[in-house]
Every structure is written in structure tokens, then in C-alpha cells.
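Participant: Quick one: this structure, given as C-alpha cells, is what I'll be asking you about.
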Amino acid sequence: MHETVHEGLRIEILYGGEHVAQSPYTLKGPVYHEYCDCPEEDPHVWQKTLSCPAKEPQIEQDFSSFPSISLQQMLKEVPKRFGDERGAVVHYTVLNNRIYRRSLGKYTDFKMFSDEILLSLARKVTLPDLEFYINLGDWPLEHRKVNDTPSPIPIISWCGSLDSRDIILPTYDVTHSTLEAMRGVTNDLLSVQGNTGPSWINKTEKAFFRGRDSREERLQLVQLSKENPQLLDAGITGYFFFQEKEKELGKAKLMGFFDFFKYKYQVNVDGTVAAYRYPYLMLGDSLVLKQESPYYEHFYGALKPWKHYIPIKRNLSDLLEKVKWAKENDEEAKKIAKEGQLAARDLLQPPRLYCYYYRVLQKYAERQASKPTVRDGMEPVPQPDDSGSICQCHRKLPEREEL
């Protein structure tokens with residue numbers, strides 16, 4: 001919200017000038033400005049209000065390697081292993097619902113994304129006290145096995161892989177999209193759903209891809225497109241990793257993301273890790289053909305091949321065959337596209353992302369073997385100035401100790 005409504009927020013949903021369902025809806029209690037620091041004291045009440053799911057299987061899986069978390073082991077090991085000049089790790093402590101941090105490594109500019117979601121959560125609900133490390137880089141970091149000596153440590157990351165033990169949070173891209181949906185002017189998870197191009201029957205019957213040259217299979221995709229233009233339209237929009245290939249493969253013009261959905265089929269190929277466009281492709285109404293991958297985001301486990309998307313082999317050897325199948329089985333392809341879109345809408349709606357973040361922090365806090373501390377070198381991360389809004393919290397807030 002851009003400003004607080006203390007009571008009687010009226011929401012009208014109209015179609016063709018007529019109210020939909022039980023519209024208009026009136027919310028009795030206050031609805032706060034995004035920057036109002038009015039956290040709910042009881043996390044159970046907050047989670048119930050958001051209809052948080054009882055379980056998140058990916059979170060259970062991620063924490064299965066960490067029945068107990070030694071903060072002393074983390075304090076000793078993380079700076080040595082991941083805090084060098086190539087590092088991209090930030091050490092956080094949450095204490096009395098205040099956020100503190102110190103940067104470990106040279107490449108930590110993306111801490112603005114982790115800062116903003118932690119601060120946003122702390123304005124809405126009282127967070128547990130905890131101390132943890134977030135990896136701001138692309139690749140997962142912890143590759144030790146459960147029975148290794150020394151044992152693996154619970155680094156939090158935005159992308160997971162089959163050969164790592166990192167605990168996964170929604171990516172910075174999806175998170176920022178959620179926080180900025182009402183303020184931003186770029187693509188976000190909601191705007192994609194309202195800009196899905198022509199109806200299914202009027203979409204171009206080709207598979208489509210545009211992107212950087214961040215993986216060799218993307219170059220193969222362009223070569224396939226040159227050889228099979230009736231089935232595939234693929235192009236590289238920027239060369240960085242394979243600059244010598246630009247002359248051979250050519251450079252495609254940039255396209256608006258919404259224009260992707262003029263095509264019936266979208267090809268999702270990894271970049272350096274999981275392609276962070278995947279959530280946006282799933283929220284459109286095209287059929288997604290997804291490359292098999294060792295990398296995953298927090299919601300991938302809830303999506304099933306042939307129900308929500310069409311799987312394609314890692315080396316893309318069956319891509320053209322799958323495109324032909326989709327063309328020959330149009331109704332089934334349309335059904336899979338719709339199932340995928342509906343699943344993504346459920347998994348990626350803002351309350352689910354907030355719930356997911358809170359559940360990870362809660363689970364982590366429960367497994368700490370000692371009390372978190374504000375360490376030497378940490379600085380407070382202040383809440384933004386809310387001078388543009390009047391914040392009169394309607395519930396008693398917990399006292400906050402100044403450290």
C-alpha cells in the first residue's frame with residue numbers, strides 16, 4: 001500500500017462494469033503502508049492471516065541435513081571458506097526484531113535485496129532471534145556431504161543444486177518483484193499475468209527463446225533455430241562468455257518480455273545456474289519446455305513434468321521432437337500450459353513468498369544450538385523513513401531494546 005487505511009478499505013472488482021463475486025469487499029481492520037513498522041506480535045496469527053501452508057516440502061528437505069546448527073562452527077568456518085575477495089556472503093543477526101549485518105567478501109552489493117525483504121518481514125511480524133549467512137552469488141556454496149568431516153554448514157542461497165546442501169530462499173529477482181509490484185515500472189510477477197499476448201489459438205506455433213550466451217546449450221539452441229526455423233525462433237541478445245560465436249550465430253534484437261507470449265511454446269534453458277526467468281514464463285499462458293537441470297529454485301519441486309511443463313533433455317537432443325509433439329497434440333499442450341500457469345500463480349503469490357521466508361527463518365532459529373549475537377563489525381540495517389505515511393499501529397508492539 002502507498003498509504004495506510006485505518007478502517008473500511010473498500011475493494012471493488014469489476015468486469016464489464018459489473019461487480020464480480022461478492023464485490024465490493026470491505027476490510028475492517030487497518031491496512032498499513034508498506035513502510036509502517038507495525039509487526040504482529042503472534043507469528044501464528046500472522047501465518048493464519050496469510051493462509052500459510054502447513055508444510056513446505058523443500059524447506060523440510062533443505063533442513064534435513066542440519067538437525068542442529070552450531071553458530072560457533074559457522075563463525076569459525078564461513079569467513080575462512082567463503083569470505084575471501086571473491087566472496088559474496090553476508091552475515092546477519094536478527095535480535096529483538098532488528099536487523100544487523102556485516103559483509104564477508106568483495107561482491108556483496110546484492111545485499112540490498114536481502115536487506116529489503118528482511119526489513120519488510122520485520123515490519124509485518126515479529127521475527128525469531130537468529131544468526132545466519134546468505135550467499136549473494138549465483139552458485140550454491142556448500143558441497144560437503146552429510147557424513148563428511150567436517151560436516152556441512154547451512155549457508156542460505158537463492159539457487160540450489162543436486163550436489164549442494166544450501167538452504168534455498170526465493171530468488172532476489174522474484175522477491176524484489178513482489179516488493180516492488182506496486183511501485184516499479186519493470187516486469188513483475190503480477191504484470192506478466194495481465195500481458196500474455198494473443199489467445200492460444202492466435203499464438204505463433206513455434207518455440208521461442210531470447211537471452212544471453214551464459215550457457216553453451218543456448219548457442220546450440222540458436223544453431224537449431226537456423227536449421228529448423230519452422231519450429232524454433234531462438235536468438236542471443238548479448239555475448240559475454242562466447243564472444244567469438246557472435247559472427248557465426250548473429251545477435252538478435254532485444255524484445256519486450258511480454259512479446260515472448262506471442263509464441264505458443266517457450267524454451268527455458270539454464271543460464272549460469274537456474275534461469276531466473278522461469279517463474280515469469282510459467283505465469284504466462286504459453287507452454288514451457290524446460291531443460292533438465294541440476295539447479296533449482298525454491299518452488300521447482302512442486303511442479304511436475306508433463307503436468308505443468310514439458311521436460312527436454314540437458315543436451316536439447318529431443319527439443320524439436322517435443323515441439324512437434326506439442327503441435328500435433330494442441331489440446332493437451334494447451335492444458336499443460338494452463339495447469340502450469342495456475343500452479344505458478346499459487347506458488348508465487350506474495351503471501352506464499354512471505355510465508356516461505358518466515359518458515360525458513362523460523363526453522364533455522366529452532367535448530368540453533370546457542371543464542372545469536374550481534375558480532376563485532378556488524379552494523380544495524382535501519383528501517384526506511386516512513387515520513388510519507390502516518391503509522392498509528394493498532395496493536396501493542398513489543399519493547400525493543402537498544403543494543
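Labeling convention for the C-alpha cells: chains A, B, ... as they appear, residues from 1 per chain, ligands from 1 in order of appearance.
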Find the spatial neighbours of Leu232 in chain A, counting only C-alpha atoms, within a cut-off of 8 Å - ignore same-chain residues fewer than 4 positions away - and output them as a count of residues only.
Facilitator: 7
Participant: If we count only C-alpha atoms and set the cut-off at 12 Å, which residues sit around Lys338 in chain A, ignoring sequence neighbours fewer than 2 positions away in its own chain? Please answer as a PyMOL selection string.
Facilitator: chain A and resi 193+196+200+264+281-288+306-309+331-336+340-345
Participant: What is the CA of Lys245 in chain A to CA of Glu216 in chain A distance in Å?
Facilitator: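 Result for CA of Lys245 in chain A versus CA of Glu216 in chain A: 10.5 Å, one decimal.
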Participant: Range 82-147 of chain A near range 62-73 of chain A within 12 Å: what's each residue's closest atom pair and its distance in Å to one decimal, counting only C-alpha atoms, ordered by chain then ascending residue number, as JSON lines?
Facilitator:
{"residue": "A:His91", "atom": "CA", "partner": "A:Leu71", "partner_atom": "CA", "distance": 11.3}
{"residue": "A:Tyr92", "atom": "CA", "partner": "A:Leu71", "partner_atom": "CA", "distance": 11.8}
{"residue": "A:Thr93", "atom": "CA", "partner": "A:Leu71", "partner_atom": "CA", "distance": 11.0}
{"residue": "A:Leu130", "atom": "CA", "partner": "A:Leu71", "partner_atom": "CA", "distance": 9.5}
{"residue": "A:Glu131", "atom": "CA", "partner": "A:Leu71", "partner_atom": "CA", "distance": 7.3}
{"residue": "A:Phe132", "atom": "CA", "partner": "A:Leu71", "partner_atom": "CA", "distance": 8.1}
{"residue": "A:Tyr133", "atom": "CA", "partner": "A:Leu71", "partner_atom": "CA", "distance": 10.3}
{"residue": "A:Glu142", "atom": "CA", "partner": "A:Ser65", "partner_atom": "CA", "distance": 11.4}
{"residue": "A:His143", "atom": "CA", "partner": "A:Ser65", "partner_atom": "CA", "distance": 11.9}
{"residue": "A:Arg144", "atom": "CA", "partner": "A:Ser65", "partner_atom": "CA", "distance": 10.4}
{"residue": "A:Lys145", "atom": "CA", "partner": "A:Ser65", "partner_atom": "CA", "distance": 8.7}
{"residue": "A:Val146", "atom": "CA", "partner": "A:Ser65", "partner_atom": "CA", "distance": 6.0}
{"residue": "A:Asn147", "atom": "CA", "partner": "A:Ser65", "partner_atom": "CA", "distance": 9.4}
Participant: Please run DSSP on the backbone and report, as a ChimeraX atom specification, all residues within range 114-330 of chain A that come out as alpha helix (DSSP H).
Facilitator: /A:114-124,172-180,189-193,216-227,246-249,278-283,319-328,330
Participant: What would the file look like if the residues just selected were written as a PDB file, in the first residue's frame with C-alpha atoms?
Facilitator:
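Once everything was written out, this is selection.pdb:
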ATOM      1  CA  SER A 114      18.299  -9.412   1.282  1.00  0.00           C
ATOM      2  CA  ASP A 115      18.073  -6.235   3.378  1.00  0.00           C
ATOM      3  CA  GLU A 116      14.769  -5.170   1.868  1.00  0.00           C
ATOM      4  CA  ILE A 117      12.931  -8.468   2.388  1.00  0.00           C
ATOM      5  CA  LEU A 118      14.209  -8.888   5.964  1.00  0.00           C
ATOM      6  CA  LEU A 119      13.158  -5.333   6.805  1.00  0.00           C
ATOM      7  CA  SER A 120       9.780  -5.836   5.120  1.00  0.00           C
ATOM      8  CA  LEU A 121       9.181  -9.038   7.088  1.00  0.00           C
ATOM      9  CA  ALA A 122      10.200  -7.370  10.363  1.00  0.00           C
ATOM     10  CA  ARG A 123       7.621  -4.619   9.756  1.00  0.00           C
ATOM     11  CA  LYS A 124       4.873  -7.220   9.444  1.00  0.00           C
ATOM     12  CA  TYR A 172      16.337 -11.968  -5.236  1.00  0.00           C
ATOM     13  CA  ASP A 173      14.554 -11.371  -8.550  1.00  0.00           C
ATOM     14  CA  VAL A 174      11.241 -12.922  -7.512  1.00  0.00           C
ATOM     15  CA  THR A 175      11.483 -11.286  -4.077  1.00  0.00           C
ATOM     16  CA  HIS A 176      12.193  -7.814  -5.439  1.00  0.00           C
ATOM     17  CA  SER A 177       9.393  -8.260  -7.972  1.00  0.00           C
ATOM     18  CA  THR A 178       6.995  -8.963  -5.098  1.00  0.00           C
ATOM     19  CA  LEU A 179       8.119  -5.965  -3.047  1.00  0.00           C
ATOM     20  CA  GLU A 180       8.132  -3.550  -5.985  1.00  0.00           C
ATOM     21  CA  LEU A 189       5.006 -11.442 -11.225  1.00  0.00           C
ATOM     22  CA  LEU A 190       1.597  -9.808 -11.455  1.00  0.00           C
ATOM     23  CA  SER A 191       2.032  -7.714 -14.600  1.00  0.00           C
ATOM     24  CA  VAL A 192       3.098 -10.801 -16.561  1.00  0.00           C
ATOM     25  CA  GLN A 193      -0.273 -12.399 -15.856  1.00  0.00           C
ATOM     26  CA  GLU A 216      26.703 -23.381 -24.306  1.00  0.00           C
ATOM     27  CA  GLU A 217      23.316 -25.030 -24.830  1.00  0.00           C
ATOM     28  CA  ARG A 218      21.925 -21.585 -25.624  1.00  0.00           C
ATOM     29  CA  LEU A 219      24.293 -21.421 -28.586  1.00  0.00           C
ATOM     30  CA  GLN A 220      23.117 -24.882 -29.666  1.00  0.00           C
ATOM     31  CA  LEU A 221      19.575 -23.553 -29.461  1.00  0.00           C
ATOM     32  CA  VAL A 222      20.365 -20.790 -31.953  1.00  0.00           C
ATOM     33  CA  GLN A 223      22.007 -23.279 -34.314  1.00  0.00           C
ATOM     34  CA  LEU A 224      18.901 -25.494 -34.115  1.00  0.00           C
ATOM     35  CA  SER A 225      16.794 -22.439 -34.888  1.00  0.00           C
ATOM     36  CA  LYS A 226      18.816 -21.669 -38.015  1.00  0.00           C
ATOM     37  CA  GLU A 227      18.345 -25.249 -39.214  1.00  0.00           C
ATOM     38  CA  GLU A 246      28.696 -13.728 -32.456  1.00  0.00           C
ATOM     39  CA  LYS A 247      29.864 -13.546 -36.063  1.00  0.00           C
ATOM     40  CA  GLU A 248      28.744 -17.112 -36.753  1.00  0.00           C
ATOM     41  CA  LEU A 249      25.383 -17.059 -34.921  1.00  0.00           C
ATOM     42  CA  TYR A 278      11.397 -19.410 -15.355  1.00  0.00           C
ATOM     43  CA  PRO A 279       8.778 -18.109 -12.865  1.00  0.00           C
ATOM     44  CA  TYR A 280       7.755 -15.413 -15.344  1.00  0.00           C
ATOM     45  CA  LEU A 281       7.492 -17.891 -18.216  1.00  0.00           C
ATOM     46  CA  MET A 282       5.324 -20.176 -16.083  1.00  0.00           C
ATOM     47  CA  LEU A 283       2.991 -17.300 -15.216  1.00  0.00           C
ATOM     48  CA  LEU A 319      13.670 -30.418 -28.235  1.00  0.00           C
ATOM     49  CA  LEU A 320      12.437 -30.494 -31.834  1.00  0.00           C
ATOM     50  CA  GLU A 321      10.641 -33.787 -31.199  1.00  0.00           C
ATOM     51  CA  LYS A 322       8.833 -32.217 -28.205  1.00  0.00           C
ATOM     52  CA  VAL A 323       7.852 -29.142 -30.244  1.00  0.00           C
ATOM     53  CA  LYS A 324       6.414 -31.413 -32.932  1.00  0.00           C
ATOM     54  CA  TRP A 325       4.513 -33.354 -30.256  1.00  0.00           C
ATOM     55  CA  ALA A 326       3.025 -30.103 -28.914  1.00  0.00           C
ATOM     56  CA  LYS A 327       1.918 -29.047 -32.403  1.00  0.00           C
ATOM     57  CA  GLU A 328       0.301 -32.433 -33.042  1.00  0.00           C
ATOM     58  CA  ASP A 330      -2.636 -28.976 -29.344  1.00  0.00           C
TER      59      ASP A 330
END
Participant: Quick one: DSSP strand (DSSP E or B) residues in range 48-289 of chain A, as a PyMOL selection string?
Facilitator: chain A and resi 69+89-95+98-104+125+130-135+156-157+160-161+167-168+204-212+232-238+263-268+287-289
Participant: Between A:Val360, A:Leu27, A:Ile153, A:Leu162, single out the one closest to Gly301 in chain A, counting only C-alpha atoms.
Facilitator: A:Leu162
Participant: Given only C-alpha atoms as the basis, pick out the residue of A:Leu136, A:Cys52, A:Cys159, A:Cys36 nearest to Phe110 in chain A.
Facilitator: A:Leu136
Participant: To one decimal in Å, tell me the separation between CA of Tyr263 in chain A and CA of Asp233 in chain A.
Facilitator: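 So the two atoms, CA of Tyr263 in chain A and CA of Asp233 in chain A, lie 9.3 Å apart.
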Participant: Compile the contact shell of Val5 in chain A as a PDB file with C-alpha atoms, in the first residue's frame: residues with an atom at most 8 Å away, counting only C-alpha atoms, same-chain residues fewer than 2 positions apart removed.
Facilitator:
ATOM      1  CA  GLU A   3      -0.586   4.856   2.420  1.00  0.00           C
ATOM      2  CA  GLU A   7     -10.510   1.138   8.654  1.00  0.00           C
ATOM      3  CA  GLY A   8     -13.015   0.432   5.944  1.00  0.00           C
ATOM      4  CA  LEU A   9     -10.770  -0.244   2.944  1.00  0.00           C
ATOM      5  CA  PRO A  30      -6.141  -1.310   9.370  1.00  0.00           C
ATOM      6  CA  VAL A  31      -4.193  -1.978   6.189  1.00  0.00           C
ATOM      7  CA  TYR A  32      -0.759  -0.482   6.656  1.00  0.00           C
ATOM      8  CA  HIS A  33       1.529   1.413   4.329  1.00  0.00           C
TER       9      HIS A  33
END
Participant: Nearest to Asp42 in chain A among A:Gln22, A:Lys76, A:Glu85, A:Val125, with distances taken over only C-alpha atoms: which residue is it?
Facilitator: A:Val125
Participant: With distances taken over only C-alpha atoms, which of A:Glu12, A:Trp46, A:Ile201, A:Asn96 is nearest to Pro372 in chain A?
Facilitator: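 The answer is A:Asn96, which sits nearest to Pro372 in chain A.
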Participant: With distances taken over only C-alpha atoms, which of A:Pro198, A:Pro294, A:Pro39, A:Pro350 is nearest to Ser164 in chain A?
Facilitator: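 Among A:Pro198, A:Pro294, A:Pro39, A:Pro350, it is A:Pro294 that comes nearest to Ser164 in chain A.
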Participant: Given the choices A:Leu127, A:Leu347, A:Ile168, A:Ile99, which gets closest to Pro380 in chain A if the distance is worked out from only C-alpha atoms?
Facilitator: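 Of the candidates, the smallest distance to Pro380 in chain A is held by A:Ile99.
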Participant: Need the shell around Leu104 in chain A: protein/DNA/RNA residues with any atom at most 8 Å away, counting only C-alpha atoms. Skip same-chain ones fewer than 3 positions apart. Format as a PyMOL selection string?
Facilitator: chain A and resi 79+82-84+87-91+108
Participant: Got a sec: who's within 7 Å of range 250-256 of chain A, counting only C-alpha atoms, leaving out chain neighbours fewer than 4 positions off, as a ChimeraX atom specification?
Facilitator: /A:235-238,246
Participant: If I take CA of Ser103 in chain A and CA of Phe240 in chain A, how far is one from the other in Å, to one decimal?
Facilitator: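 One can read the CA of Ser103 in chain A to CA of Phe240 in chain A distance as 27.9 Å.
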